[in-house]
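> As input, take data.txt (compact mmCIF, C-alpha atoms):
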```txt
# COMPACT_ATOMS: atom_id res chain seq x y z
CA MET A 1 89.03 188.44 82.97
CA THR A 2 86.68 187.76 80.02
CA ALA A 3 84.63 185.40 82.19
CA THR A 4 84.35 188.17 84.79
CA TRP A 5 82.96 190.65 82.30
CA VAL A 6 80.63 188.04 80.82
CA SER A 7 79.29 187.25 84.31
CA VAL A 8 78.79 190.96 85.07
CA LEU A 9 76.97 191.44 81.75
CA ALA A 10 74.88 188.30 82.30
CA SER A 11 74.03 189.36 85.84
CA TYR A 12 73.07 192.84 84.59
CA LEU A 13 70.79 191.42 81.89
CA HIS A 14 69.24 188.94 84.35
CA LEU A 15 68.44 191.75 86.79
CA LEU A 16 67.11 193.92 83.95
CA ALA A 17 64.81 191.10 82.81
CA ALA A 18 63.55 190.65 86.39
CA ALA A 19 62.96 194.41 86.64
CA VAL A 20 61.00 194.47 83.39
CA TYR A 21 58.87 191.47 84.38
CA VAL A 22 58.32 192.00 88.11
CA GLY A 23 58.59 195.79 88.32
CA GLY A 24 56.71 196.25 85.08
CA SER A 25 53.84 194.04 86.29
CA VAL A 26 53.71 195.90 89.62
CA ALA A 27 53.65 199.28 87.82
CA MET A 28 50.92 198.12 85.42
CA GLU A 29 48.88 196.78 88.35
CA LEU A 30 49.38 199.65 90.81
CA VAL A 31 49.97 202.69 88.59
CA VAL A 32 48.52 202.29 85.08
CA ARG A 33 45.39 200.23 85.82
CA PRO A 34 43.97 202.31 88.74
CA ALA A 35 44.54 205.57 86.82
CA GLN A 36 42.25 204.36 84.02
CA ARG A 37 39.25 204.78 86.33
CA PHE A 38 39.56 208.54 85.90
CA VAL A 39 38.78 208.58 82.16
CA PRO A 40 35.54 207.55 80.38
CA PRO A 41 35.16 203.71 80.10
CA ALA A 42 35.45 203.58 76.29
CA GLN A 43 38.68 205.58 76.38
CA ALA A 44 39.95 203.54 79.34
CA GLN A 45 39.44 200.37 77.30
CA VAL A 46 41.47 201.76 74.39
CA ILE A 47 44.23 202.92 76.75
CA GLY A 48 44.23 199.54 78.50
CA GLN A 49 44.55 197.67 75.20
CA ARG A 50 47.36 199.85 73.88
CA ALA A 51 49.23 199.75 77.18
CA ALA A 52 48.85 195.96 77.30
CA ASP A 53 50.10 195.64 73.69
CA ARG A 54 53.24 197.59 74.52
CA PHE A 55 53.76 195.83 77.84
CA LEU A 56 53.42 192.39 76.23
CA VAL A 57 56.42 193.22 74.01
CA LEU A 58 58.42 193.99 77.16
CA VAL A 59 57.16 190.82 78.89
CA TRP A 60 58.18 188.55 75.99
CA SER A 61 61.57 190.26 75.74
CA ALA A 62 62.12 189.64 79.47
CA LEU A 63 60.99 186.02 79.20
CA ALA A 64 63.45 185.49 76.33
CA LEU A 65 66.23 187.25 78.23
CA PHE A 66 65.85 185.11 81.39
CA PRO A 67 67.21 181.82 79.98
CA ILE A 68 69.84 183.51 77.77
CA SER A 69 71.33 185.58 80.61
CA GLY A 70 70.80 182.72 83.08
CA ILE A 71 72.74 180.21 80.99
CA LEU A 72 75.46 182.79 80.33
CA LEU A 73 75.69 183.53 84.07
CA PHE A 74 75.74 179.84 84.99
CA PHE A 75 78.61 178.98 82.65
CA SER A 76 80.59 182.17 83.23
CA LEU A 77 80.60 181.44 86.97
CA GLY A 78 81.90 177.95 86.25
CA ASP A 79 78.98 176.31 88.02
CA GLN A 80 78.74 173.30 85.69
CA HIS A 81 80.39 171.00 88.23
CA THR A 82 77.62 171.71 90.75
CA LEU A 83 75.09 169.93 88.56
CA ALA A 84 77.25 167.11 87.20
CA GLY A 85 76.03 163.52 87.59
CA GLY A 86 72.36 164.24 88.16
CA ARG A 87 73.04 166.60 91.07
CA ILE A 88 70.33 168.89 89.73
CA PHE A 89 67.87 166.48 91.42
CA THR A 90 69.79 165.77 94.61
CA THR A 91 71.39 169.07 95.73
CA SER A 92 69.56 172.10 97.10
CA TYR A 93 71.23 174.31 94.47
CA GLY A 94 70.16 171.98 91.66
CA GLN A 95 66.59 171.66 92.95
CA THR A 96 66.30 175.44 93.27
CA LEU A 97 67.56 175.88 89.70
CA LEU A 98 65.14 173.21 88.48
CA ALA A 99 62.24 174.92 90.28
CA MET A 100 63.21 178.22 88.67
CA MET A 101 63.25 176.67 85.20
CA LEU A 102 59.89 174.95 85.71
CA LEU A 103 58.30 178.17 86.94
CA TRP A 104 59.75 180.01 83.93
CA VAL A 105 57.99 177.45 81.71
CA VAL A 106 54.73 178.18 83.59
CA LEU A 107 55.23 181.92 82.94
CA VAL A 108 55.81 181.24 79.23
CA ILE A 109 52.67 179.08 79.01
CA ASN A 110 50.60 181.71 80.84
CA GLY A 111 52.06 184.44 78.61
CA ALA A 112 51.15 182.42 75.52
CA ILE A 113 47.59 181.88 76.81
CA ILE A 114 47.16 185.63 77.38
CA THR A 115 48.77 186.62 74.06
CA PHE A 116 47.23 184.03 71.76
CA VAL A 117 43.94 183.11 73.42
CA PHE A 118 42.57 185.99 75.50
CA ARG A 119 44.07 189.05 73.75
CA PRO A 120 42.49 188.18 70.36
CA ARG A 121 39.16 187.67 72.17
CA LEU A 122 39.46 191.07 73.82
CA LEU A 123 40.24 192.73 70.50
CA GLU A 124 37.31 191.08 68.71
CA ARG A 125 34.56 193.49 67.75
CA ALA A 126 30.85 192.64 67.77
CA SER A 127 29.33 192.32 64.34
CA ALA A 128 27.34 195.39 63.34
CA ARG A 129 24.46 193.16 62.21
CA ALA A 130 24.36 191.13 65.40
CA GLY A 131 21.17 191.30 67.40
CA GLY A 132 20.70 192.27 71.03
CA ARG A 133 21.31 188.76 72.35
CA ALA A 134 24.50 188.32 70.32
CA ALA A 135 25.72 191.71 71.50
CA SER A 136 25.14 190.86 75.17
CA GLU A 137 26.87 187.49 74.65
CA HIS A 138 29.81 189.35 73.13
CA VAL A 139 30.01 191.70 76.13
CA GLU A 140 29.86 188.70 78.47
CA ALA A 141 32.67 186.98 76.56
CA LEU A 142 34.75 190.16 76.74
CA GLN A 143 34.23 190.48 80.49
CA SER A 144 35.09 186.83 81.01
CA ALA A 145 38.30 187.17 78.97
CA ALA A 146 39.28 190.33 80.87
CA ARG A 147 38.67 188.53 84.19
CA TRP A 148 40.86 185.60 83.13
CA VAL A 149 43.64 187.91 81.98
CA SER A 150 43.50 189.63 85.37
CA TYR A 151 43.66 186.30 87.28
CA ILE A 152 46.54 184.97 85.18
CA THR A 153 48.46 188.25 85.43
CA ARG A 154 48.22 188.21 89.23
CA ALA A 155 49.22 184.56 89.40
CA ASP A 156 52.19 185.36 87.15
CA LEU A 157 53.25 188.18 89.45
CA ALA A 158 53.13 185.84 92.47
CA ILE A 159 55.17 183.23 90.57
CA ALA A 160 57.70 185.88 89.49
CA LEU A 161 58.11 187.04 93.11
CA PHE A 162 58.82 183.44 94.15
CA ILE A 163 61.35 183.15 91.30
CA VAL A 164 63.12 186.26 92.63
CA LEU A 165 63.30 184.57 96.05
CA LEU A 166 64.74 181.43 94.44
CA GLY A 167 67.27 183.53 92.53
CA ALA A 168 68.30 185.39 95.68
CA SER A 169 68.81 182.08 97.51
CA MET A 170 70.99 180.80 94.67
CA ALA A 171 73.11 183.91 94.39
CA TYR A 172 73.98 184.20 98.05
CA GLY A 173 73.47 180.73 99.43
CA HIS A 174 73.00 177.07 98.59
CA GLY A 175 69.50 177.36 97.21
CA LEU A 176 66.10 177.48 98.89
CA PHE A 177 65.36 173.78 99.46
CA MET B 1 68.77 187.48 107.33
CA ARG B 2 71.09 187.77 104.34
CA LEU B 3 68.61 185.98 102.10
CA ALA B 4 65.85 188.37 103.22
CA ALA B 5 68.13 191.37 102.58
CA ILE B 6 69.04 190.13 99.09
CA PHE B 7 65.41 189.32 98.31
CA VAL B 8 64.21 192.79 99.39
CA THR B 9 67.10 194.51 97.56
CA THR B 10 66.34 192.67 94.32
CA LEU B 11 62.59 193.10 94.66
CA GLY B 12 62.79 196.79 95.61
CA TRP B 13 65.20 197.54 92.82
CA ALA B 14 63.26 195.51 90.25
CA THR B 15 60.03 197.26 91.26
CA TYR B 16 61.63 200.69 90.93
CA LEU B 17 63.42 200.02 87.64
CA GLY B 18 60.39 198.24 86.16
CA GLY B 19 58.27 201.29 87.05
CA VAL B 20 60.71 203.64 85.33
CA LEU B 21 60.79 201.42 82.24
CA VAL B 22 56.98 201.18 82.07
CA MET B 23 56.69 204.96 82.35
CA GLU B 24 59.26 205.43 79.58
CA MET B 25 58.36 202.57 77.23
CA VAL B 26 54.61 202.13 77.79
CA TRP B 27 53.10 205.34 79.12
CA ARG B 28 55.16 207.96 77.26
CA PRO B 29 54.52 206.58 73.71
CA LEU B 30 50.86 206.06 74.63
CA GLN B 31 50.40 209.78 75.31
CA ALA B 32 50.92 210.62 71.63
CA ASP B 33 47.60 208.97 70.67
CA LEU B 34 45.48 210.42 73.48
CA PRO B 35 43.44 213.62 73.65
CA PRO B 36 45.38 216.24 75.70
CA ALA B 37 42.66 216.52 78.39
CA GLN B 38 42.78 212.79 79.14
CA THR B 39 46.56 212.74 78.99
CA GLY B 40 46.53 215.44 81.67
CA VAL B 41 44.15 213.50 83.96
CA LEU B 42 46.02 210.20 83.55
CA CYS B 43 49.40 211.88 83.93
CA GLN B 44 48.30 213.48 87.20
CA GLN B 45 46.87 210.24 88.61
CA MET B 46 49.79 208.08 87.53
CA GLY B 47 52.31 210.66 88.71
CA VAL B 48 51.04 210.52 92.30
CA ARG B 49 50.90 206.71 92.37
CA TYR B 50 54.26 206.31 90.65
CA ARG B 51 55.92 208.74 93.08
CA TRP B 52 54.86 206.68 96.13
CA LEU B 53 55.66 203.35 94.49
CA ALA B 54 59.11 204.53 93.38
CA LEU B 55 59.97 206.07 96.75
CA SER B 56 58.83 203.00 98.71
CA ALA B 57 60.75 200.66 96.39
CA LEU B 58 63.90 202.81 96.56
CA LEU B 59 63.68 203.04 100.34
CA ALA B 60 63.23 199.27 100.70
CA ALA B 61 66.07 198.51 98.28
CA GLY B 62 68.38 201.07 99.91
CA ALA B 63 67.71 199.85 103.46
CA ALA B 64 68.13 196.18 102.54
CA TRP B 65 71.24 196.82 100.47
CA THR B 66 72.86 198.87 103.23
CA THR B 67 72.08 196.08 105.72
CA LEU B 68 73.65 193.57 103.37
CA GLN B 69 76.77 195.67 102.88
CA LEU B 70 77.15 196.33 106.62
CA THR B 71 76.68 192.69 107.61
CA SER B 72 79.05 191.40 104.94
CA SER B 73 82.63 192.03 106.01
CA TYR B 74 83.77 190.81 102.61
CA ALA B 75 81.78 193.44 100.74
CA LEU B 76 82.94 196.28 102.97
CA ALA B 77 86.56 195.23 102.84
CA THR B 78 86.81 194.81 99.10
CA ARG B 79 84.04 196.85 97.57
CA GLN B 80 83.86 200.15 99.38
CA TRP B 81 83.61 202.08 96.11
CA GLN B 82 80.60 199.97 95.19
CA THR B 83 78.82 200.67 98.46
CA ILE B 84 79.48 204.41 98.17
CA LEU B 85 78.49 204.57 94.49
CA GLY B 86 75.40 202.43 95.06
CA LEU B 87 74.11 204.48 97.98
CA SER B 88 74.91 207.75 96.17
CA SER B 89 72.93 206.58 93.15
CA LEU B 90 69.98 205.59 95.34
CA ALA B 91 70.05 208.98 97.10
CA LEU B 92 70.27 210.79 93.76
CA LEU B 93 67.35 208.82 92.35
CA ALA B 94 65.25 209.44 95.48
CA ALA B 95 66.06 213.17 95.21
CA LEU B 96 65.00 213.16 91.54
CA VAL B 97 61.70 211.39 92.33
CA ILE B 98 60.99 213.82 95.20
CA ALA B 99 61.90 216.86 93.07
CA MET B 100 59.66 215.67 90.24
CA GLY B 101 56.79 214.75 92.55
CA ALA B 102 56.90 217.80 94.80
CA PHE B 103 57.83 220.60 92.38
CA VAL B 104 57.96 219.89 88.65
CA HIS B 105 54.95 217.55 88.24
CA PRO B 106 52.46 219.81 90.12
CA LEU B 107 53.74 222.77 88.09
CA SER B 108 52.98 220.96 84.82
CA HIS B 109 49.34 220.54 85.92
CA GLN B 110 48.70 224.02 87.28
CA ARG B 111 45.39 225.54 86.13
CA SER B 112 44.64 229.17 85.66
CA ARG B 113 42.19 230.80 88.11
CA SER B 114 38.87 232.02 86.83
CA GLY B 115 39.07 235.71 86.03
CA SER B 116 42.79 235.69 85.29
CA SER B 117 43.95 237.96 82.48
CA PRO B 118 45.13 236.67 79.08
CA GLU B 119 48.70 237.66 80.04
CA GLU B 120 48.50 235.61 83.24
CA ARG B 121 47.06 232.65 81.33
CA GLY B 122 49.81 232.93 78.71
CA GLU B 123 52.48 233.06 81.39
CA LEU B 124 51.00 230.03 83.15
CA ARG B 125 50.92 228.14 79.86
CA SER B 126 54.58 228.87 79.15
CA ARG B 127 55.42 227.80 82.73
CA ARG B 128 53.56 224.53 82.16
CA VAL B 129 55.40 223.91 78.89
CA ARG B 130 58.72 224.63 80.63
CA ALA B 131 57.80 222.25 83.48
CA ILE B 132 56.89 219.48 81.02
CA ALA B 133 60.22 219.97 79.21
CA ILE B 134 62.14 219.82 82.52
CA MET B 135 60.11 216.76 83.55
CA ASN B 136 61.06 214.99 80.31
CA ILE B 137 64.75 215.71 80.88
CA MET B 138 64.52 214.53 84.51
CA LEU B 139 62.74 211.32 83.52
CA ARG B 140 65.43 210.50 80.95
CA ALA B 141 68.16 211.29 83.50
CA GLU B 142 66.37 209.07 86.02
CA LEU B 143 66.26 206.18 83.55
CA ALA B 144 69.96 206.59 82.66
CA ILE B 145 71.04 206.73 86.33
CA ALA B 146 68.80 203.77 87.19
CA LEU B 147 70.31 201.67 84.38
CA LEU B 148 73.84 202.60 85.50
CA ALA B 149 73.00 201.87 89.14
CA THR B 150 71.72 198.44 88.08
CA LEU B 151 75.25 197.71 86.92
CA ILE B 152 76.51 198.54 90.42
CA VAL B 153 73.89 196.28 92.00
CA ALA B 154 74.72 193.50 89.51
CA TRP B 155 78.48 193.86 89.92
CA PRO B 156 79.20 191.39 92.74
CA ALA B 157 78.08 188.47 90.61
CA HIS B 158 81.60 187.64 89.51
CA THR B 159 82.73 187.26 93.12
CA LEU B 160 80.02 184.71 93.76
CA THR B 161 79.69 181.09 92.88
CA ALA B 162 77.14 178.47 93.77
CA GLY B 163 77.38 177.99 97.51
CA GLY B 164 78.23 181.57 98.36
CA ILE B 165 81.20 183.89 98.35
CA ARG B 166 84.59 182.24 98.15
```
Show how you would write the structure in this file as structure tokens.

Amino acid sequence: MTATWVSVLASYLHLLAAAVYVGGSVAMELVVRPAQRFVPPAQAQVIGQRAADRFLVLVWSALALFPISGILLFFSLGDQHTLAGGRIFTTSYGQTLLAMMLLWVVLVINGAIITFVFRPRLLERASARAGGRAASEHVEALQSAARWVSYITRADLAIALFIVLLGASMAYGHGLF
Amino acid sequence: MRLAAIFVTTLGWATYLGGVLVMEMVWRPLQADLPPAQTGVLCQQMGVRYRWLALSALLAAGAAWTTLQLTSSYALATRQWQTILGLSSLALLAALVIAMGAFVHPLSHQRSRSGSSPEERGELRSRRVRAIAIMNIMLRAELAIALLATLIVAWPAHTLTAGGIR
């Protein structure tokens, strides 16, 4: 009975984490970002930064919740035997699980790159004493960072969609491979 | 077929719930720091986009989930309450999104006509305030129902093990 409730709770949290990551990214991409075109650029930049700051908190919470709820779900379903004796490499279920974990690592690395490399660059302000050339270099650096954040975010969304497919194949079948 | 149905259900539901959470946890707190005029413009633009995204996601999730329930004799035989509750929740959420999009949201952005009297303007303003208050209540109700419905969607997990339903 306890295992049942733990698996329901774990499944709930896993789905919630997927909703925050996938659905949140879709909403940011299709709802929040396009709407910013309707306000002046300077204000749009501030809105974009604040929205991204808040969304990053949600993203990291979801990324932390994935392995916790996943491990809880795995053990509460009594699936340990399915991966015993190196079967994680030889069975379709094991390979699917392995692919999911590796892709989660990719999402964490990409998240870290956005949070610790590109976000600080985007928040950097040009020095008041900088000349015209330095100012234009600063704008160029900002645009480049924003472009990279956009590329990585879209790649992350594609990866997350594939993870959902892997998860669906594990929940109702033998895995995807 | 079943994999596609599960994939679309999960994706549709995740897209819908993620949208609700972003509106509640990203957009709503952001409004406090913005000038009212820009809040109005952004709210109007996002409202229209969000309405279509939420409705499409709900429709996709509902259709795929119904297909899954109908094609799974196990689910229908043992979990009728879940099917009924799940579909009722989806219908309720769709009704809330439609009601907000078609009636309450446009009301909260109504502008007074040029040449209208101060009384008319005052009445319109109080109508807008009322609409915003109703909208806030509906959004919270939507989030609460969506989180409860997620429990219904997540429920079958304990009947499943690696390799399918036993």
> Show me, as number ranges by chain, every residue of chain A with an atom at most 7 Å from chain B, counting all atoms listed in the file.
A: 4, 7-8, 11-12, 18-20, 22-24, 26-27, 31-32, 35-36, 39, 51, 54-55, 77, 79, 164-165, 168-174
> Neighbours of Arg121 in chain B within 9 Å (only C-alpha atoms; same-chain residues fewer than 6 positions away dropped), as a list of chain:residue names?
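Here the answer would be B:Arg111, B:Ser112, B:Arg113.
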> Would you output that residue set with C-alpha atoms, as a tab-separated table (two decimals), keeping the file's coordinate frame?

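out-v5.tsv, freshly written:
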```tsv
chain	number	residue	atom	x	y	z
B	111	ARG	CA	45.39	225.54	86.13
B	112	SER	CA	44.64	229.17	85.66
B	113	ARG	CA	42.19	230.80	88.11
```
> To one decimal place in Å, what is the distance between CA of Ile68 in chain A and CA of Val105 in chain A?
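Between these atoms lies a distance of 13.9 Å.
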> Just how far from CA of Ala131 in chain B is CA of Ser108 in chain B, in Å to one decimal?
5.2 Å
> One number please: CA of Val149 in chain A to CA of Gln49 in chain A, in Å, one decimal.
11.9 Å
> Name the residues in contact with Ser144 in chain A at a cut-off of 10 Å, using all atoms listed in the file, excluding same-chain residues fewer than 6 positions from it; report them as a short mmCIF file (atom, residue, chain, number, x, y, z; two decimals) with C-alpha atoms, in the coordinates of the input.

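New file selection_11.cif:
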```cif
data_model
loop_
_atom_site.label_atom_id
_atom_site.label_comp_id
_atom_site.auth_asym_id
_atom_site.auth_seq_id
_atom_site.Cartn_x
_atom_site.Cartn_y
_atom_site.Cartn_z
CA PHE A 118 42.57 185.99 75.50
CA ARG A 121 39.16 187.67 72.17
CA LEU A 122 39.46 191.07 73.82
CA HIS A 138 29.81 189.35 73.13
CA SER A 150 43.50 189.63 85.37
#
```
> Using all atoms listed in the file, find all polymer residues with an atom at most 7 Å away from the point (58.1, 212.0, 85.2); report them as a list in words.
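Selection result: Gly47, Met100, Met135, Asn136, Met138 and Leu139 of chain B.
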> Which of these residues is nearest to Arg50 in chain A, using only C-alpha atoms: A:Glu140, A:Leu123, A:Ala146, A:Ala64?
A:Leu123
> I'd like the contact shell of range 87-92 of chain A - 6 Å cut-off, all atoms listed in the file, skipping same-chain residues fewer than 3 positions apart - returned as a PDB file with C-alpha atoms, in the coordinates of the input.

```
ATOM      1  CA  LEU A  83      75.090 169.930  88.560  1.00  0.00           C
ATOM      2  CA  ALA A  84      77.250 167.110  87.200  1.00  0.00           C
ATOM      3  CA  GLN A  95      66.590 171.660  92.950  1.00  0.00           C
ATOM      4  CA  GLY A 175      69.500 177.360  97.210  1.00  0.00           C
ATOM      5  CA  PHE A 177      65.360 173.780  99.460  1.00  0.00           C
TER       6      PHE A 177
END
```
